[in-house]
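What follows is the content of entry_0.txt (compact mmCIF, C-alpha atoms and all ligand atoms).
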```
# COMPACT_ATOMS: atom_id res chain seq x y z
CA MET I 1 -0.72 22.06 141.12
CA PRO I 2 1.53 20.89 138.25
CA HIS I 3 -0.26 19.64 135.14
CA ASN I 4 0.58 16.91 132.67
CA ILE I 5 1.96 18.78 129.66
CA GLU I 6 1.66 15.76 127.37
CA GLU I 7 -2.04 15.56 128.21
CA LEU I 8 -2.51 19.29 127.61
CA ARG I 9 -0.77 18.86 124.24
CA ARG I 10 -3.06 15.94 123.36
CA GLN I 11 -5.94 18.34 124.03
CA THR I 12 -4.27 20.78 121.60
CA PRO I 13 -4.18 18.94 118.25
CA GLY I 14 -2.09 21.63 116.53
CA THR I 15 0.92 20.80 118.70
CA ALA I 16 1.23 17.39 117.01
CA HIS I 17 2.55 18.90 113.76
CA LEU I 18 3.42 22.54 114.55
CA LEU I 19 5.95 24.37 116.62
CA HIS I 20 3.63 27.20 117.57
CA PHE I 21 5.46 30.23 118.96
CA ASN I 22 2.83 32.70 117.79
CA ASN I 23 0.61 32.68 120.87
CA ALA I 24 0.66 36.48 121.08
CA GLY I 25 -0.85 36.46 117.57
CA ALA I 26 -3.39 33.72 118.16
CA ALA I 27 -2.86 30.69 120.40
CA LEU I 28 -3.96 27.18 119.44
CA ASN I 29 -7.51 26.30 120.56
CA PRO I 30 -7.91 23.32 122.85
CA THR I 31 -10.30 20.66 121.50
CA ALA I 32 -12.93 21.63 124.08
CA VAL I 33 -13.13 25.13 122.55
CA SER I 34 -13.27 24.06 118.89
CA THR I 35 -15.86 21.40 119.78
CA ALA I 36 -18.10 23.89 121.60
CA VAL I 37 -18.00 26.27 118.62
CA GLN I 38 -18.63 23.52 116.08
CA GLU I 39 -21.46 22.02 118.11
CA HIS I 40 -23.23 25.35 118.29
CA LEU I 41 -22.78 25.97 114.55
CA GLN I 42 -24.29 22.54 113.96
CA ARG I 43 -27.21 23.38 116.25
CA GLU I 44 -27.76 26.55 114.21
CA GLN I 45 -27.66 24.51 111.01
CA ARG I 46 -30.16 21.98 112.38
CA LEU I 47 -32.55 24.19 114.31
CA GLY I 48 -32.16 27.74 113.04
CA ALA I 49 -29.85 30.29 114.68
CA TYR I 50 -32.40 31.99 116.98
CA GLU I 51 -33.84 28.67 118.12
CA ALA I 52 -30.32 27.30 118.74
CA ALA I 53 -29.45 30.37 120.85
CA ALA I 54 -32.56 29.90 122.99
CA LEU I 55 -31.53 26.32 123.61
CA ALA I 56 -27.95 27.31 124.46
CA ASN I 57 -28.93 30.13 126.81
CA THR I 58 -27.12 28.68 129.83
CA ALA I 59 -23.86 28.31 127.90
CA ILE I 60 -24.20 31.86 126.53
CA GLU I 61 -24.88 33.36 129.96
CA HIS I 62 -21.92 31.46 131.34
CA PHE I 63 -19.68 33.88 129.36
CA TYR I 64 -20.23 36.49 132.08
CA THR I 65 -19.69 34.26 135.10
CA ALA I 66 -16.58 32.65 133.58
CA PHE I 67 -14.98 36.10 133.07
CA ALA I 68 -16.14 37.31 136.48
CA ARG I 69 -14.22 34.46 138.07
CA HIS I 70 -11.24 35.04 135.77
CA LEU I 71 -10.93 38.75 136.59
CA ASN I 72 -12.27 38.76 140.16
CA CYS I 73 -15.28 40.96 139.42
CA GLN I 74 -19.06 40.68 139.11
CA ALA I 75 -20.77 39.12 136.07
CA GLU I 76 -22.68 42.43 135.66
CA GLU I 77 -19.36 44.19 135.04
CA ILE I 78 -18.56 42.10 131.93
CA ALA I 79 -19.64 42.65 128.33
CA TRP I 80 -19.04 40.77 125.11
CA ALA I 81 -17.04 42.47 122.33
CA GLU I 82 -15.85 41.18 118.99
CA ASN I 83 -12.21 42.13 119.65
CA THR I 84 -10.04 44.37 121.82
CA THR I 85 -10.00 47.26 119.37
CA HIS I 86 -13.78 47.42 119.41
CA ALA I 87 -14.00 46.99 123.18
CA TRP I 88 -11.33 49.62 123.87
CA ASN I 89 -12.81 52.21 121.50
CA THR I 90 -16.32 51.57 122.80
CA LEU I 91 -15.09 52.55 126.26
CA LEU I 92 -12.89 55.44 125.11
CA HIS I 93 -15.79 57.00 123.24
CA ALA I 94 -18.11 56.57 126.22
CA ILE I 95 -16.11 59.15 128.18
CA ALA I 96 -17.49 62.69 128.01
CA PHE I 97 -14.26 64.52 127.17
CA LYS I 98 -14.23 68.31 127.19
CA PRO I 99 -11.82 70.44 125.15
CA GLY I 100 -8.65 70.85 127.17
CA ASP I 101 -8.93 67.49 128.97
CA ARG I 102 -5.71 65.52 129.11
CA ILE I 103 -5.26 61.83 128.38
CA VAL I 104 -2.10 60.16 129.65
CA THR I 105 -0.78 57.07 127.91
CA GLY I 106 2.48 55.14 127.71
CA GLN I 107 5.23 54.73 125.14
CA SER I 108 4.24 51.09 124.68
CA GLU I 109 0.57 51.81 124.01
CA TYR I 110 -0.86 49.54 121.34
CA ALA I 111 -0.51 51.24 117.95
CA SER I 112 -4.24 51.29 117.12
CA ASN I 113 -5.08 52.69 120.56
CA TYR I 114 -2.56 55.45 120.11
CA LEU I 115 -3.97 56.26 116.66
CA SER I 116 -7.44 56.53 118.22
CA LEU I 117 -6.07 58.89 120.86
CA LEU I 118 -4.44 61.07 118.20
CA HIS I 119 -7.73 61.11 116.31
CA LEU I 120 -9.59 62.12 119.45
CA ALA I 121 -7.05 64.89 120.07
CA GLN I 122 -7.78 66.24 116.60
CA THR I 123 -11.56 65.93 116.76
CA CYS I 124 -12.24 66.82 120.42
CA GLN I 125 -9.34 69.14 121.32
CA VAL I 126 -8.04 66.91 124.09
CA HIS I 127 -4.30 66.64 124.77
CA VAL I 128 -2.46 63.34 124.72
CA ASP I 129 0.67 63.01 126.88
CA VAL I 130 2.95 60.03 126.38
CA VAL I 131 4.87 58.79 129.42
CA PRO I 132 8.27 57.37 128.43
CA ASN I 133 9.60 53.97 129.40
CA THR I 134 12.67 53.44 131.56
CA ALA I 135 15.89 52.23 129.94
CA GLN I 136 14.63 48.71 130.77
CA GLY I 137 11.54 49.28 128.64
CA SER I 138 8.89 49.48 131.34
CA LEU I 139 6.63 52.44 132.08
CA CYS I 140 8.52 55.06 134.09
CA LEU I 141 6.46 55.51 137.27
CA GLU I 142 8.21 58.76 138.25
CA ALA I 143 7.34 60.30 134.89
CA LEU I 144 3.80 58.93 135.23
CA GLU I 145 3.39 60.59 138.61
CA LYS I 146 4.33 63.96 137.11
CA ALA I 147 2.11 63.41 134.05
CA LEU I 148 -0.91 62.71 136.24
CA GLU I 149 -0.82 66.22 137.71
CA GLY I 150 -3.35 68.67 136.29
CA ASN I 151 -6.44 68.24 134.23
CA VAL I 152 -6.14 64.48 133.51
CA ARG I 153 -9.38 62.74 132.57
CA LEU I 154 -8.04 59.35 131.52
CA LEU I 155 -5.03 57.11 132.01
CA ALA I 156 -4.90 54.59 129.14
CA LEU I 157 -2.19 51.94 129.36
CA THR I 158 -1.31 48.66 127.71
CA HIS I 159 -0.42 45.98 130.26
CA VAL I 160 1.76 43.83 127.98
CA PRO I 161 2.67 45.37 124.64
CA SER I 162 2.43 43.63 121.32
CA GLN I 163 6.05 44.49 120.51
CA SER I 164 7.87 43.44 123.69
CA GLY I 165 7.71 40.94 126.54
CA VAL I 166 7.81 43.62 129.23
CA VAL I 167 5.02 43.57 131.81
CA HIS I 168 4.22 47.17 132.67
CA PRO I 169 3.57 48.07 136.33
CA ALA I 170 -0.19 48.28 135.77
CA ALA I 171 -1.15 47.92 139.44
CA GLN I 172 1.19 50.71 140.61
CA ALA I 173 -0.16 52.92 137.83
CA GLY I 174 -3.69 52.00 138.92
CA ALA I 175 -3.00 53.04 142.49
CA MET I 176 -1.76 56.44 141.27
CA ALA I 177 -4.81 56.95 139.06
CA ARG I 178 -7.24 55.94 141.79
CA ALA I 179 -5.63 58.24 144.37
CA ARG I 180 -6.29 61.14 141.97
CA GLY I 181 -9.79 60.07 140.84
CA ILE I 182 -8.59 59.56 137.24
CA LEU I 183 -10.35 57.00 135.04
CA TYR I 184 -8.05 54.11 134.15
CA LEU I 185 -8.48 52.03 130.99
CA LEU I 186 -6.18 49.00 130.76
CA ASP I 187 -5.59 47.11 127.52
CA ALA I 188 -5.08 43.52 128.66
CA CYS I 189 -5.15 42.04 125.16
CA GLN I 190 -1.75 40.36 125.57
CA SER I 191 -1.86 39.74 129.31
CA ALA I 192 -5.28 38.04 129.53
CA GLY I 193 -4.71 34.30 129.56
CA GLN I 194 -0.97 34.43 130.33
CA LEU I 195 -0.91 36.51 133.55
CA ALA I 196 -3.21 36.16 136.53
CA LEU I 197 -5.42 39.26 136.32
CA ASP I 198 -7.37 40.70 139.24
CA VAL I 199 -9.13 43.98 138.52
CA GLU I 200 -9.05 44.91 142.21
CA THR I 201 -5.28 44.55 142.39
CA LEU I 202 -4.81 46.27 139.04
CA GLY I 203 -6.99 49.13 140.23
CA CYS I 204 -8.43 49.64 136.74
CA ASP I 205 -11.88 51.03 135.99
CA MET I 206 -12.05 49.43 132.56
CA LEU I 207 -10.19 46.52 130.99
CA THR I 208 -10.33 45.02 127.51
CA GLY I 209 -9.11 41.85 125.83
CA SER I 210 -9.45 39.41 122.93
CA GLY I 211 -10.31 35.72 122.96
CA ARG I 212 -7.92 34.42 120.33
CA LYS I 213 -4.62 35.26 122.03
CA TYR I 214 -3.39 33.78 125.31
CA LEU I 215 -6.94 32.86 126.34
CA ARG I 216 -7.00 30.32 123.49
CA GLY I 217 -10.53 31.22 122.42
CA PRO I 218 -11.95 31.48 118.89
CA ARG I 219 -11.05 34.33 116.54
CA GLY I 220 -13.46 37.25 116.38
CA THR I 221 -14.17 37.22 120.12
CA GLY I 222 -13.36 39.59 122.96
CA PHE I 223 -14.60 41.12 126.18
CA LEU I 224 -14.62 44.22 128.30
CA TYR I 225 -14.86 44.91 132.01
CA VAL I 226 -16.31 48.10 133.52
CA ARG I 227 -16.27 48.72 137.26
CA ARG I 228 -19.78 49.15 138.63
CA GLY I 229 -18.82 52.41 140.33
CA VAL I 230 -17.94 54.14 137.04
CA LEU I 231 -20.59 52.59 134.80
CA ASP I 232 -23.05 55.45 135.11
CA SER I 233 -20.43 58.07 134.39
CA LEU I 234 -19.91 56.50 130.96
CA GLN I 235 -22.32 57.11 128.09
CA PRO I 236 -22.31 54.56 125.27
CA ALA I 237 -21.67 56.40 121.98
CA TRP I 238 -24.56 54.47 120.44
CA ILE I 239 -27.20 52.10 121.76
CA ASP I 240 -29.62 49.52 120.45
CA MET I 241 -32.59 47.54 121.75
CA HIS I 242 -30.24 45.27 123.72
CA ALA I 243 -28.36 48.12 125.40
CA ALA I 244 -31.52 50.06 126.29
CA SER I 245 -35.30 49.68 126.48
CA PHE I 246 -38.13 52.11 125.75
CA ARG I 247 -40.00 53.63 128.68
CA ASP I 248 -42.42 55.17 126.18
CA ALA I 249 -42.12 56.44 122.63
CA GLN I 250 -39.87 59.38 123.69
CA HIS I 251 -37.88 57.92 126.55
CA TYR I 252 -35.54 55.03 127.16
CA ALA I 253 -33.47 53.50 129.97
CA LEU I 254 -29.98 52.08 129.57
CA ARG I 255 -29.37 48.58 130.85
CA GLU I 256 -28.15 48.52 134.43
CA ASP I 257 -25.07 46.45 133.63
CA ALA I 258 -22.01 46.52 131.37
CA ARG I 259 -24.02 44.92 128.59
CA ARG I 260 -25.13 48.43 127.69
CA PHE I 261 -21.91 48.38 125.64
CA GLU I 262 -22.98 45.36 123.60
CA ASN I 263 -25.07 45.08 120.43
CA TRP I 264 -27.87 42.60 120.18
CA GLU I 265 -26.31 40.65 117.34
CA CYS I 266 -23.11 38.73 117.98
CA PHE I 267 -21.08 35.65 117.11
CA VAL I 268 -22.94 33.30 119.48
CA ALA I 269 -20.84 30.20 118.76
CA GLY I 270 -17.71 32.27 119.44
CA LYS I 271 -19.14 33.61 122.69
CA ILE I 272 -19.85 30.07 123.89
CA GLY I 273 -16.38 28.99 122.74
CA LEU I 274 -14.65 31.83 124.57
CA ALA I 275 -16.51 30.97 127.77
CA VAL I 276 -15.20 27.39 127.42
CA ALA I 277 -11.67 28.75 126.89
CA VAL I 278 -11.93 30.90 130.03
CA ASP I 279 -13.19 27.90 132.01
CA TYR I 280 -10.25 25.90 130.70
CA ALA I 281 -7.78 28.57 131.89
CA ASN I 282 -9.61 28.93 135.23
CA ALA I 283 -9.46 25.17 135.76
CA LEU I 284 -5.72 25.00 135.06
CA GLY I 285 -5.22 27.96 137.38
CA MET I 286 -3.82 31.28 136.22
CA PRO I 287 -0.93 31.27 138.74
CA TRP I 288 0.26 27.96 137.27
CA ILE I 289 -0.15 29.22 133.68
CA GLU I 290 1.70 32.45 134.44
CA ALA I 291 4.60 30.70 136.15
CA ARG I 292 5.03 28.19 133.33
CA VAL I 293 4.81 30.80 130.56
CA ARG I 294 7.34 33.04 132.29
CA THR I 295 9.75 30.12 132.87
CA LEU I 296 9.56 28.90 129.28
CA ALA I 297 10.13 32.42 127.95
CA ALA I 298 13.12 32.94 130.26
CA THR I 299 14.61 29.68 128.95
CA LEU I 300 13.98 30.78 125.37
CA ARG I 301 15.70 34.16 125.95
CA GLU I 302 18.67 32.47 127.60
CA GLN I 303 19.11 29.99 124.75
CA LEU I 304 18.58 32.62 122.05
CA ARG I 305 21.43 34.66 123.53
CA ASP I 306 23.74 31.72 122.71
CA VAL I 307 22.72 31.64 119.03
CA PRO I 308 25.34 33.47 116.93
CA GLY I 309 23.98 36.63 115.29
CA ILE I 310 20.81 36.77 117.45
CA THR I 311 20.05 39.73 119.74
CA VAL I 312 17.24 39.52 122.30
CA HIS I 313 15.47 42.82 122.89
CA GLU I 314 13.92 42.39 126.33
CA SER I 315 15.65 43.29 129.54
CA GLY I 316 14.28 44.07 132.97
CA ASN I 317 12.98 41.70 135.58
CA ASP I 318 9.26 41.60 134.89
CA LEU I 319 8.98 39.75 131.59
CA CYS I 320 6.32 37.46 130.17
CA GLY I 321 5.82 34.97 127.32
CA ILE I 322 6.61 37.36 124.46
CA VAL I 323 10.21 37.28 123.24
CA THR I 324 11.48 39.73 120.63
CA PHE I 325 14.75 39.29 118.82
CA SER I 326 16.58 40.11 115.62
CA SER I 327 19.19 38.42 113.50
CA SER I 328 22.27 40.16 112.13
CA ARG I 329 22.17 37.70 109.24
CA GLU I 330 18.56 37.77 108.10
CA ALA I 331 15.80 40.36 107.77
CA ALA I 332 12.83 39.79 110.08
CA ASP I 333 10.42 38.86 107.29
CA SER I 334 12.70 36.40 105.58
CA LEU I 335 13.54 34.72 108.89
CA GLN I 336 9.86 34.38 109.72
CA GLN I 337 9.16 32.84 106.30
CA ARG I 338 12.06 30.43 106.60
CA LEU I 339 10.79 29.26 109.98
CA LEU I 340 7.24 28.95 108.65
CA ALA I 341 8.47 26.68 105.87
CA ARG I 342 9.79 24.40 108.64
CA GLY I 343 6.46 24.30 110.46
CA ILE I 344 7.49 26.95 113.01
CA ASN I 345 4.99 29.77 113.59
CA THR I 346 6.29 33.15 114.76
CA SER I 347 5.49 36.73 113.81
CA VAL I 348 7.11 40.06 113.01
CA VAL I 349 6.53 43.35 114.85
CA ARG I 350 6.97 46.30 112.56
CA LEU I 351 8.68 49.63 113.05
CA ARG I 352 6.08 51.34 110.85
CA ASN I 353 3.36 50.38 113.37
CA ASN I 354 5.41 51.26 116.44
CA PRO I 355 7.09 54.63 115.95
CA LEU I 356 6.62 55.50 119.64
CA ASP I 357 8.34 52.40 120.94
CA LEU I 358 10.57 50.67 118.37
CA GLY I 359 11.35 54.04 116.77
CA ALA I 360 12.47 55.59 120.05
CA ARG I 361 14.60 52.51 120.82
CA GLY I 362 16.33 52.83 117.45
CA LEU I 363 15.07 49.40 116.36
CA GLY I 364 13.69 48.17 113.06
CA ASP I 365 11.30 45.28 112.44
CA LEU I 366 11.73 42.52 115.03
CA ASN I 367 10.95 38.83 115.12
CA ARG I 368 8.58 37.76 117.85
CA ALA I 369 8.38 34.28 119.39
CA SER I 370 5.64 33.96 122.00
CA VAL I 371 5.32 30.83 124.10
CA HIS I 372 2.36 29.28 125.91
CA TYR I 373 2.19 26.68 128.66
CA TYR I 374 1.72 23.84 126.15
CA ASN I 375 5.11 24.58 124.58
CA THR I 376 8.09 22.61 125.82
CA ASP I 377 11.84 22.86 126.47
CA GLU I 378 12.37 20.45 123.60
CA GLU I 379 10.56 22.87 121.25
CA ILE I 380 12.76 25.72 122.48
CA GLU I 381 15.85 23.67 121.64
CA ARG I 382 14.46 22.82 118.20
CA PHE I 383 13.64 26.46 117.61
CA CYS I 384 17.15 27.63 118.48
CA GLU I 385 18.59 24.84 116.33
CA ALA I 386 16.52 26.08 113.37
CA LEU I 387 17.95 29.58 113.90
CA ARG I 388 21.49 28.22 114.14
CA ASN I 389 21.05 26.30 110.92
CA GLY I 390 19.94 29.37 109.04
CA ARG I 391 21.88 31.34 106.53
C1 LIG E 1 -1.65 44.99 123.19
C2 LIG E 1 -2.72 44.84 122.15
N1 LIG E 1 -3.82 45.59 122.25
C3 LIG E 1 -4.83 45.50 121.35
C4 LIG E 1 -4.72 44.66 120.26
C5 LIG E 1 -5.85 44.61 119.27
O1 LIG E 1 -6.56 43.44 119.43
P1 LIG E 1 -7.64 42.99 118.34
O2 LIG E 1 -6.86 42.70 117.09
O3 LIG E 1 -8.29 41.78 118.92
O4 LIG E 1 -8.58 44.13 118.16
C6 LIG E 1 -3.58 43.86 120.11
C7 LIG E 1 -3.45 42.96 118.96
O5 LIG E 1 -2.45 42.38 118.69
C8 LIG E 1 -2.55 43.96 121.08
O6 LIG E 1 -1.44 43.23 120.98
```
In structure tokens, what does this structure look like?
Amino acid sequence: MPHNIEELRRQTPGTAHLLHFNNAGAALNPTAVSTAVQEHLQREQRLGAYEAAALANTAIEHFYTAFARHLNCQAEEIAWAENTTHAWNTLLHAIAFKPGDRIVTGQSEYASNYLSLLHLAQTCQVHVDVVPNTAQGSLCLEALEKALEGNVRLLALTHVPSQSGVVHPAAQAGAMARARGILYLLDACQSAGQLALDVETLGCDMLTGSGRKYLRGPRGTGFLYVRRGVLDSLQPAWIDMHAASFRDAQHYALREDARRFENWECFVAGKIGLAVAVDYANALGMPWIEARVRTLAATLREQLRDVPGITVHESGNDLCGIVTFSSSREAADSLQQRLLARGINTSVVRLRNNPLDLGARGLGDLNRASVHYYNTDEEIERFCEALRNGR
């Protein structure tokens, strides 16, 4: 069902004075999300934080059912996390690697994930194999098939990278991993909230994401999914009184659900706010969101190609809301600052953080404009006009 964009923009106060093309950094919160967070903070101020949490129990518990609907899984398979990095590492370090195990990842793997893998290779004597991308920038499935032969314990992929608008073939990769009984950890930090995600279709065992990006939740929020069937093969690297309970003074039992990966203490207002954001996305419908984001980004790429001196860096036919480009006339940082001074938010992806991807493609720092469904064609025209009127 189509939605009224003007109404969605009214529910997004930031759009009244900003041209926000930094949704892959952090999207603008809808009023419903900011209000839910503020109301809970006020409850904490009035009643005391523990007492406020007891009162808000239904809203807090809703976090799990909202994500279960969003990802097509069970509420028991969802856990809270403060961000993707924490969620992803919590799961990585729950796998009992043995020296000699192999981990397969992709050329577009998120930089911090790849650093963690390199660290694990050093500390646990596992091997990390990087599957290259095709010339179009998406994970090469033939190379993946070869890489999955042998002693592979984990396939760790990023669905949509931070540094490109390519959507990697996560479901095909998932089918390959599942056929070989290989654990599959999918970083959905950039895809959650812009693409319709279904963990059954993706075939992943574990999936992680953040609230502040395309889901439009508060900062400092995130989530993880763990498939019920693999939960007991994973051992949390540490536990607390929320993740486990004492049987007696010498023995304990882990929680039966994915919350064994949580800590007791968390940002309660943020958790409530993220649940509201997920409800908001669920109500709009992820297929509608995905179609609109992809269409706007395609329009942006097309119009950018007509701006003198601008090169767009995505090709291929499965692209999303992230658009990377560079200017022959201006360095990435100075262009970003010039746009910011005009009330236009974008970001820069840096070569120093992406040696595997940007380095291999012979690229330097790139500008990144990332659109959401509340952006408009008129904003795209204004954006391209601002680039044209540059130096
Ligand atoms: C693909 C991807 N994975 C993981 C992360 C890390 O997310 P967080 O900063 O919430 O830990 C990011 C952040 O930009 C990202 O783009």
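Across the model, the gap from atom CA of Phe21 of chain I to atom CA of Val371 of chain I is 5.2 Å.
The residue set within 10 Å of Pro308 of chain I, counting all atoms listed in the file and dropping same-chain residues fewer than 4 places from it, reads Leu304, Ser327, Ser328, Arg329, Leu387 and Arg388 of chain I.
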Each chain I residue no farther than 10 Å from ligand LIG 1 (chain E), nearest pair in Å, only C-alpha atoms and all ligand atoms, as a tab-separated table:
```
residue	atom	partner	partner_atom	distance
I:Ala24	CA	E:LIG1	O6	7.1
I:Gly25	CA	E:LIG1	O5	6.2
I:Ala26	CA	E:LIG1	O5	8.7
I:Ala81	CA	E:LIG1	O3	9.4
I:Glu82	CA	E:LIG1	O3	7.6
I:Asn83	CA	E:LIG1	O3	4.0
I:Thr84	CA	E:LIG1	O4	3.9
I:Thr85	CA	E:LIG1	O4	3.6
I:His86	CA	E:LIG1	O4	6.3
I:Ala87	CA	E:LIG1	O4	7.9
I:Trp88	CA	E:LIG1	C3	8.1
I:Asn89	CA	E:LIG1	O4	9.7
I:Ser108	CA	E:LIG1	C1	8.6
I:Glu109	CA	E:LIG1	C1	7.2
I:Tyr110	CA	E:LIG1	C1	5.0
I:Ala111	CA	E:LIG1	N1	7.8
I:Ser112	CA	E:LIG1	C3	7.2
I:Asn113	CA	E:LIG1	C3	7.2
I:Leu157	CA	E:LIG1	C1	9.3
I:Thr158	CA	E:LIG1	C1	5.8
I:His159	CA	E:LIG1	C1	7.2
I:Val160	CA	E:LIG1	C1	6.0
I:Pro161	CA	E:LIG1	C1	4.6
I:Ser162	CA	E:LIG1	O6	3.9
I:Gln163	CA	E:LIG1	O6	7.6
I:Ser164	CA	E:LIG1	C1	9.7
I:Leu186	CA	E:LIG1	N1	9.5
I:Asp187	CA	E:LIG1	N1	5.8
I:Ala188	CA	E:LIG1	C1	6.6
I:Cys189	CA	E:LIG1	C2	4.8
I:Gln190	CA	E:LIG1	C1	5.2
I:Ser191	CA	E:LIG1	C1	8.1
I:Thr208	CA	E:LIG1	C3	8.3
I:Gly209	CA	E:LIG1	O3	7.0
I:Ser210	CA	E:LIG1	O3	4.8
I:Gly211	CA	E:LIG1	O3	7.6
I:Arg212	CA	E:LIG1	O3	7.5
I:Lys213	CA	E:LIG1	O3	8.1
I:Arg219	CA	E:LIG1	O3	8.3
I:Gly220	CA	E:LIG1	O3	7.3
I:Thr221	CA	E:LIG1	O3	7.5
I:Gly222	CA	E:LIG1	O3	6.8
I:Phe223	CA	E:LIG1	O3	9.6
I:Val349	CA	E:LIG1	O5	9.8
```
For Leu18 of chain I, list every protein, DNA or RNA residue within 7 Å, evaluated using all atoms listed in the file, and leave out those in the same chain fewer than 3 positions away; present the list as number ranges by chain. I: 14-15, 343-344
Please write as JSON, numbers by chain the list of polymer residues whose atoms come within 9 Å of (10.3, 24.6, 120.1), counting only C-alpha atoms and keeping to the coordinates of the file. {"I": [19, 20, 21, 300, 344, 371, 375, 376, 377, 378, 379, 380, 381, 382, 383, 384]}
Contacts of Val278 of chain I at 9 Å (only C-alpha atoms; same-chain gap of 2+ positions) as a ChimeraX atom specification: /I:63,66-67,70,193,211,215-217,273-276,280-283
Please measure the separation of atom CA of Ile310 of chain I and atom CA of Leu28 of chain I, giving the value in Å to one decimal. 26.6 Å
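When atom CA of Thr31 of chain I is paired with atom CA of Leu340 of chain I, their separation reads 23.3 Å.
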Which is closest to Asp101 of chain I among I:Asn29, I:Ala79, I:Ile182, I:His17, if we use all atoms listed in the file? I:Ile182
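Using only C-alpha atoms, the protein and nucleic acid residues lying at most 8 Å from the point (-15.2, 45.7, 130.0) are Glu77, Ile78, Ala79, Trp80, Ala87, Leu91, Met206, Leu207, Thr208, Phe223, Leu224, Tyr225, Val226, Arg227 and Ala258 of chain I.
Residue nearest Pro236 of chain I within the list I:His93, I:Gln136, I:Asn317, I:Leu148: I:His93 [criterion: smallest interatomic distance, all atoms listed in the file].
Checking I:Pro218, I:Cys266, I:Leu183, I:Ala68 one by one against Ala36 of chain I, counting all atoms listed in the file, you find the shortest gap at I:Pro218.
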Rank I:Thr311, I:Arg228, I:Val104, I:Ala53 by their smallest atom-to-atom distance to Glu330 of chain I, using only C-alpha atoms, and report the top residue only. I:Thr311
Using all atoms listed in the file, the shortest atom-to-atom distance to Leu363 of chain I among I:Leu234, I:Val37, I:Val312, I:Cys320 belongs to I:Val312
Give me, as a PyMOL selection string, all polymer residues having an atom no more than 6 Å from Cys204 of chain I, counting all atoms listed in the file and skipping those fewer than 2 positions away in the same chain. chain I and resi 174+184+199+202+206
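If only C-alpha atoms are the atoms counted, then among I:Gly270, I:Pro13, I:Pro287, I:Gly316 the closest residue to Ser138 of chain I is I:Gly316.
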Report as a PyMOL selection string all protein, DNA and RNA residues lying within 10 Å of Pro2 of chain I, evaluated on only C-alpha atoms, omitting residues in the same chain fewer than 4 positions from it. chain I and resi 284-285+288-289+292
With C-alpha atoms retained, write the just-selected residues as a PDB file, in the coordinates of the input.
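Here's the written file out-v9.pdb:
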```
ATOM      1  CA  LEU I 284      -5.720  25.000 135.060  1.00  0.00           C
ATOM      2  CA  GLY I 285      -5.220  27.960 137.380  1.00  0.00           C
ATOM      3  CA  TRP I 288       0.260  27.960 137.270  1.00  0.00           C
ATOM      4  CA  ILE I 289      -0.150  29.220 133.680  1.00  0.00           C
ATOM      5  CA  ARG I 292       5.030  28.190 133.330  1.00  0.00           C
TER       6      ARG I 292
END
```
